[in-house]
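Novice: Submitted below is the structure of interest, expressed as structure tokens.
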Amino acid sequence: MGISSNAPYLLRAARGEVLDRPPVWMMRQAGRYMKAYRDLREKYPSFRDRSEIPEVAIEISLQPWKAFQPDGVILFSDIVTPLPGLGIDMDIAEGKGPIIHSPIRTSEQIDNLHTLEPEESLPFIKTILQALRQEVGNESTVLGFVGAPWTLAAYAVEGKGSKTYSVIKNMAFSNPTLLDKLLTKFADAIAIYVRYQIDCGAQVVQMFDSWAGQLSPQDYETFALPYQQRVFQQVRETHPDTPLILLVSGSAGLLERMAISGADVITVDWTVDMADARERLGKHLKVQGNLDPGVLFGSKEFIRDRIYDTVRKAGNKGHILNLGHGVLPETPEENVAFFFETAKQLSSAVV
Ligand code: CP3
């Protein structure tokens, strides 16, 4: 079945194998906390250049690989990267995040969205993923990622990041048919994009529904979950062997609902005890997480204790060790190095 003991750890954990230590990687492991990244950012001040010029994106993706040898190497990109291919122009502003110049507010704008043709609009993704696979071989797992329909729609409709999500919630609660039309189109485009990433070399794909935790559980069931399911189902039809991970930020009230999304692995954040998460999710689901990114501001002893505690609670089957969300830009690089070293020295004997 292509599952063999020389498959990299992350892939094996995502498939539910019992391992002597959990694989470890970090969300946002390439980025501002690394001096190497900040230096390169001076040379390439535009985020779109950094993520869309293949040589630059490859170099950035490999910076944490070279520094820490994580068990997962994630493509350096952004969740809004496919939007221009749908006809939605965007930029990523320093310190702010995505900016959509003409936010989507009307039925006509939704009708005018293009079908995603990744070979045409995202050729750099293929170059990047192929190079990453070539570079890490069997020593690590190459992860692709996408944004989920709700979270991408939040950017497309609001036009930028938001604290209150007033514009998209206004649409959701006053014109749900219009929002359904957008979410359905996004789901189909995202499924195409996930398949493309897998065909280009991604061995595991994580879907970020970062802002779905802003919805009440009832509204999550209407505006997030069905479209997550639509993406995962479509990908599963053609690529049944590729593990899929789901992340929702602030998901403590949603775990049981995430469990029926169709994802193989559920990212757990630090607002939930890992042992409780295991109970709530059930045996068939794998988990990823769940240290508070702020733990990396603590002493080495503190970091080590929190790693041990998490690994003990998660057990030795189907756990990918990670933070509960992205590493913070102010994090000392030395503590990131310590996190990886400690995790890679773990064995069932230690914990
Ligand atoms: O994990 C990795 O190492 C891959 C890199 C990655 C980026 N964006 C690079 C990036 C990933 C996985 C993303 C996904 C992403 N982008 C998400 C989902 C993850 C999450 O945090 O929940 C979201 C919501 C976005 C949208 C976005 N793009 C935001 C909120 C920001 C940050 C704004 C800021 O400056 O704090 C961005 C910009 C961005 N994307 C940065 C990075 C490293 C920071 C800007 C920079 O370094 O120049």
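Residues are referred to by chain and number: the chain letter is A, B, ... according to the order shown in the structure tokens, the number counts from 1 in that chain, and ligands are numbered separately from 1 in the order shown.
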Using only C-alpha atoms, which residues sit within 10 Å of stretch 265-280 of chain A once same-chain residues fewer than 4 positions away are excluded, as a count of residues only?
Specialist: 47
Novice: What are the closest atom pairs, with distances in Å to one decimal, for all residues of chain A lying within 6 Å of ligand 1? Consider only C-alpha atoms and all ligand atoms, order rows by chain and residue number, and present the result as a Markdown table.
Specialist:
```
| residue | atom | partner | partner_atom_place_in_ligand_line | distance |
| --- | --- | --- | --- | --- |
| A:Met27 | CA | ligand 1 | 1 (O) | 4.0 |
| A:Arg28 | CA | ligand 1 | 1 (O) | 3.1 |
| A:Gln29 | CA | ligand 1 | 3 (O) | 4.2 |
| A:Ala30 | CA | ligand 1 | 3 (O) | 4.1 |
| A:Gly31 | CA | ligand 1 | 43 (C) | 4.3 |
| A:Arg32 | CA | ligand 1 | 47 (O) | 5.3 |
| A:Phe47 | CA | ligand 1 | 48 (O) | 5.6 |
| A:Ile74 | CA | ligand 1 | 4 (C) | 5.6 |
| A:Leu75 | CA | ligand 1 | 4 (C) | 5.8 |
| A:Phe76 | CA | ligand 1 | 4 (C) | 4.6 |
| A:Ser77 | CA | ligand 1 | 5 (C) | 5.4 |
| A:Asp78 | CA | ligand 1 | 8 (N) | 4.0 |
| A:Ile79 | CA | ligand 1 | 16 (N) | 4.9 |
| A:Glu94 | CA | ligand 1 | 35 (O) | 5.3 |
| A:Gly95 | CA | ligand 1 | 35 (O) | 3.1 |
| A:Lys96 | CA | ligand 1 | 33 (C) | 4.4 |
| A:Gly97 | CA | ligand 1 | 33 (C) | 3.6 |
| A:Pro98 | CA | ligand 1 | 28 (N) | 5.6 |
| A:Phe208 | CA | ligand 1 | 18 (C) | 5.1 |
| A:Ser210 | CA | ligand 1 | 22 (O) | 4.3 |
| A:Gly326 | CA | ligand 1 | 21 (O) | 5.8 |
```
Novice: Give me, please, the distance in Å between atom CA of A:Ala148 and atom CA of A:Tyr33, quoted to one decimal.
Specialist: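 Here the two named atoms are 25.8 Å from each other.
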Novice: Show me a table, sorted first by chain and then by increasing residue number, of the residues of stretch 3-111 of chain A having an atom at most 10 Å from stretch 328-345 of chain A, each with its shortest atom pair and the distance in Å to one decimal, counting only C-alpha atoms and written as JSON lines.
Specialist:
```
{"residue": "A:Arg21", "atom": "CA", "partner": "A:Lys344", "partner_atom": "CA", "distance": 7.3}
{"residue": "A:Pro22", "atom": "CA", "partner": "A:Ala343", "partner_atom": "CA", "distance": 7.6}
{"residue": "A:Pro23", "atom": "CA", "partner": "A:Lys344", "partner_atom": "CA", "distance": 7.6}
{"residue": "A:Val24", "atom": "CA", "partner": "A:Ala343", "partner_atom": "CA", "distance": 6.7}
{"residue": "A:Trp25", "atom": "CA", "partner": "A:Phe340", "partner_atom": "CA", "distance": 7.7}
{"residue": "A:Met26", "atom": "CA", "partner": "A:Val336", "partner_atom": "CA", "distance": 9.1}
{"residue": "A:Met27", "atom": "CA", "partner": "A:Leu328", "partner_atom": "CA", "distance": 9.7}
{"residue": "A:Arg28", "atom": "CA", "partner": "A:Leu328", "partner_atom": "CA", "distance": 8.2}
{"residue": "A:Gln29", "atom": "CA", "partner": "A:Val336", "partner_atom": "CA", "distance": 8.9}
{"residue": "A:Gly31", "atom": "CA", "partner": "A:Pro329", "partner_atom": "CA", "distance": 7.3}
{"residue": "A:Arg32", "atom": "CA", "partner": "A:Pro329", "partner_atom": "CA", "distance": 5.1}
{"residue": "A:Tyr33", "atom": "CA", "partner": "A:Pro329", "partner_atom": "CA", "distance": 4.4}
{"residue": "A:Met34", "atom": "CA", "partner": "A:Glu333", "partner_atom": "CA", "distance": 6.3}
{"residue": "A:Lys35", "atom": "CA", "partner": "A:Glu333", "partner_atom": "CA", "distance": 8.3}
{"residue": "A:Pro64", "atom": "CA", "partner": "A:Ala337", "partner_atom": "CA", "distance": 9.4}
{"residue": "A:Ala67", "atom": "CA", "partner": "A:Ala337", "partner_atom": "CA", "distance": 7.7}
{"residue": "A:Phe68", "atom": "CA", "partner": "A:Ala337", "partner_atom": "CA", "distance": 6.0}
{"residue": "A:Gln69", "atom": "CA", "partner": "A:Phe340", "partner_atom": "CA", "distance": 7.9}
{"residue": "A:Pro70", "atom": "CA", "partner": "A:Phe340", "partner_atom": "CA", "distance": 6.8}
{"residue": "A:Asp71", "atom": "CA", "partner": "A:Lys344", "partner_atom": "CA", "distance": 8.9}
```
Novice: Mind dumping the selected residues with N, CA, C and O atoms as a PDB file, in the first residue's frame?
Specialist:
```pdb
ATOM      1  N   ARG A  21       8.424   8.130  18.580  1.00  0.00           N
ATOM      2  CA  ARG A  21       8.296   9.550  18.961  1.00  0.00           C
ATOM      3  C   ARG A  21       7.360  10.205  17.949  1.00  0.00           C
ATOM      4  O   ARG A  21       7.248   9.736  16.805  1.00  0.00           O
ATOM      5  N   PRO A  22       6.687  11.292  18.342  1.00  0.00           N
ATOM      6  CA  PRO A  22       5.815  11.941  17.365  1.00  0.00           C
ATOM      7  C   PRO A  22       6.631  12.785  16.400  1.00  0.00           C
ATOM      8  O   PRO A  22       7.660  13.348  16.786  1.00  0.00           O
ATOM      9  N   PRO A  23       6.194  12.882  15.140  1.00  0.00           N
ATOM     10  CA  PRO A  23       6.837  13.833  14.239  1.00  0.00           C
ATOM     11  C   PRO A  23       6.553  15.246  14.729  1.00  0.00           C
ATOM     12  O   PRO A  23       5.560  15.482  15.424  1.00  0.00           O
ATOM     13  N   VAL A  24       7.414  16.185  14.363  1.00  0.00           N
ATOM     14  CA  VAL A  24       7.253  17.550  14.843  1.00  0.00           C
ATOM     15  C   VAL A  24       7.501  18.558  13.714  1.00  0.00           C
ATOM     16  O   VAL A  24       8.428  18.410  12.927  1.00  0.00           O
ATOM     17  N   TRP A  25       6.609  19.525  13.611  1.00  0.00           N
ATOM     18  CA  TRP A  25       6.858  20.695  12.761  1.00  0.00           C
ATOM     19  C   TRP A  25       6.099  21.851  13.399  1.00  0.00           C
ATOM     20  O   TRP A  25       5.432  21.671  14.429  1.00  0.00           O
ATOM     21  N   MET A  26       6.230  23.045  12.823  1.00  0.00           N
ATOM     22  CA  MET A  26       5.569  24.217  13.390  1.00  0.00           C
ATOM     23  C   MET A  26       4.844  24.982  12.308  1.00  0.00           C
ATOM     24  O   MET A  26       5.408  25.186  11.232  1.00  0.00           O
ATOM     25  N   MET A  27       3.640  25.413  12.620  1.00  0.00           N
ATOM     26  CA  MET A  27       2.964  26.305  11.678  1.00  0.00           C
ATOM     27  C   MET A  27       3.705  27.637  11.658  1.00  0.00           C
ATOM     28  O   MET A  27       4.168  28.091  12.705  1.00  0.00           O
ATOM     29  N   ARG A  28       3.818  28.218  10.471  1.00  0.00           N
ATOM     30  CA  ARG A  28       4.585  29.461  10.275  1.00  0.00           C
ATOM     31  C   ARG A  28       6.058  29.285  10.634  1.00  0.00           C
ATOM     32  O   ARG A  28       6.685  30.227  11.120  1.00  0.00           O
ATOM     33  N   GLN A  29       6.573  28.049  10.405  1.00  0.00           N
ATOM     34  CA  GLN A  29       7.958  27.829  10.808  1.00  0.00           C
ATOM     35  C   GLN A  29       8.932  28.622   9.943  1.00  0.00           C
ATOM     36  O   GLN A  29      10.069  28.879  10.376  1.00  0.00           O
ATOM     37  N   GLY A  31       9.470  32.262   8.596  1.00  0.00           N
ATOM     38  CA  GLY A  31       8.869  33.575   8.791  1.00  0.00           C
ATOM     39  C   GLY A  31       9.696  34.489   9.664  1.00  0.00           C
ATOM     40  O   GLY A  31      10.891  34.254   9.882  1.00  0.00           O
ATOM     41  N   ARG A  32       9.003  35.473  10.183  1.00  0.00           N
ATOM     42  CA  ARG A  32       9.697  36.635  10.748  1.00  0.00           C
ATOM     43  C   ARG A  32      10.568  36.385  11.964  1.00  0.00           C
ATOM     44  O   ARG A  32      11.446  37.185  12.255  1.00  0.00           O
ATOM     45  N   TYR A  33      10.319  35.306  12.725  1.00  0.00           N
ATOM     46  CA  TYR A  33      11.176  35.081  13.901  1.00  0.00           C
ATOM     47  C   TYR A  33      12.586  34.663  13.470  1.00  0.00           C
ATOM     48  O   TYR A  33      13.517  34.702  14.274  1.00  0.00           O
ATOM     49  N   MET A  34      12.758  34.286  12.187  1.00  0.00           N
ATOM     50  CA  MET A  34      14.080  33.852  11.701  1.00  0.00           C
ATOM     51  C   MET A  34      14.840  35.006  11.075  1.00  0.00           C
ATOM     52  O   MET A  34      14.321  35.685  10.176  1.00  0.00           O
ATOM     53  N   LYS A  35      16.065  35.180  11.493  1.00  0.00           N
ATOM     54  CA  LYS A  35      16.881  36.256  10.930  1.00  0.00           C
ATOM     55  C   LYS A  35      17.081  36.032   9.426  1.00  0.00           C
ATOM     56  O   LYS A  35      17.031  36.982   8.641  1.00  0.00           O
ATOM     57  N   PRO A  64      13.832  26.855   7.601  1.00  0.00           N
ATOM     58  CA  PRO A  64      13.668  26.070   8.836  1.00  0.00           C
ATOM     59  C   PRO A  64      14.167  24.628   8.683  1.00  0.00           C
ATOM     60  O   PRO A  64      14.659  24.040   9.648  1.00  0.00           O
ATOM     61  N   ALA A  67      17.809  24.805   9.315  1.00  0.00           N
ATOM     62  CA  ALA A  67      18.149  25.180  10.694  1.00  0.00           C
ATOM     63  C   ALA A  67      17.751  24.103  11.713  1.00  0.00           C
ATOM     64  O   ALA A  67      18.453  23.907  12.698  1.00  0.00           O
ATOM     65  N   PHE A  68      16.625  23.436  11.512  1.00  0.00           N
ATOM     66  CA  PHE A  68      16.071  22.590  12.591  1.00  0.00           C
ATOM     67  C   PHE A  68      15.696  21.162  12.172  1.00  0.00           C
ATOM     68  O   PHE A  68      15.272  20.381  13.013  1.00  0.00           O
ATOM     69  N   GLN A  69      15.763  20.832  10.897  1.00  0.00           N
ATOM     70  CA  GLN A  69      15.316  19.511  10.389  1.00  0.00           C
ATOM     71  C   GLN A  69      13.947  19.082  10.938  1.00  0.00           C
ATOM     72  O   GLN A  69      13.807  17.983  11.514  1.00  0.00           O
ATOM     73  N   PRO A  70      12.920  19.903  10.762  1.00  0.00           N
ATOM     74  CA  PRO A  70      11.582  19.475  11.190  1.00  0.00           C
ATOM     75  C   PRO A  70      11.106  18.261  10.374  1.00  0.00           C
ATOM     76  O   PRO A  70      11.599  18.031   9.268  1.00  0.00           O
ATOM     77  N   ASP A  71      10.146  17.532  10.945  1.00  0.00           N
ATOM     78  CA  ASP A  71       9.607  16.370  10.228  1.00  0.00           C
ATOM     79  C   ASP A  71       8.624  16.757   9.131  1.00  0.00           C
ATOM     80  O   ASP A  71       8.193  15.902   8.358  1.00  0.00           O
TER      81      ASP A  71
END
```
Novice: Within 7 Å of stretch 126-134 of chain A, which residues of stretch 16-68 of chain A come that close, and what is the closest atom pair and distance in Å for each? Count only C-alpha atoms and give it as a tab-separated table.
Specialist:
```
residue	atom	partner	partner_atom	distance
A:Pro54	CA	A:Ile128	CA	5.6
A:Ala57	CA	A:Ile128	CA	6.9
A:Ile58	CA	A:Ile128	CA	5.6
```
Novice: For A:Leu122, work out the shell of residues within 8 Å, counting only C-alpha atoms and skipping chain neighbours fewer than 5 positions away, then give it as a list of chain:residue names.
Specialist: A:Pro82, A:Gly85, A:Glu117
Novice: Pick out each residue of stretch 136-289 of chain A that DSSP on the backbone tags as helix (DSSP H, G or I); I need them as a ChimeraX atom specification.
Specialist: /A:136,149-158,166-174,176-199,210-214,217-223,225-238,255-258,274-281
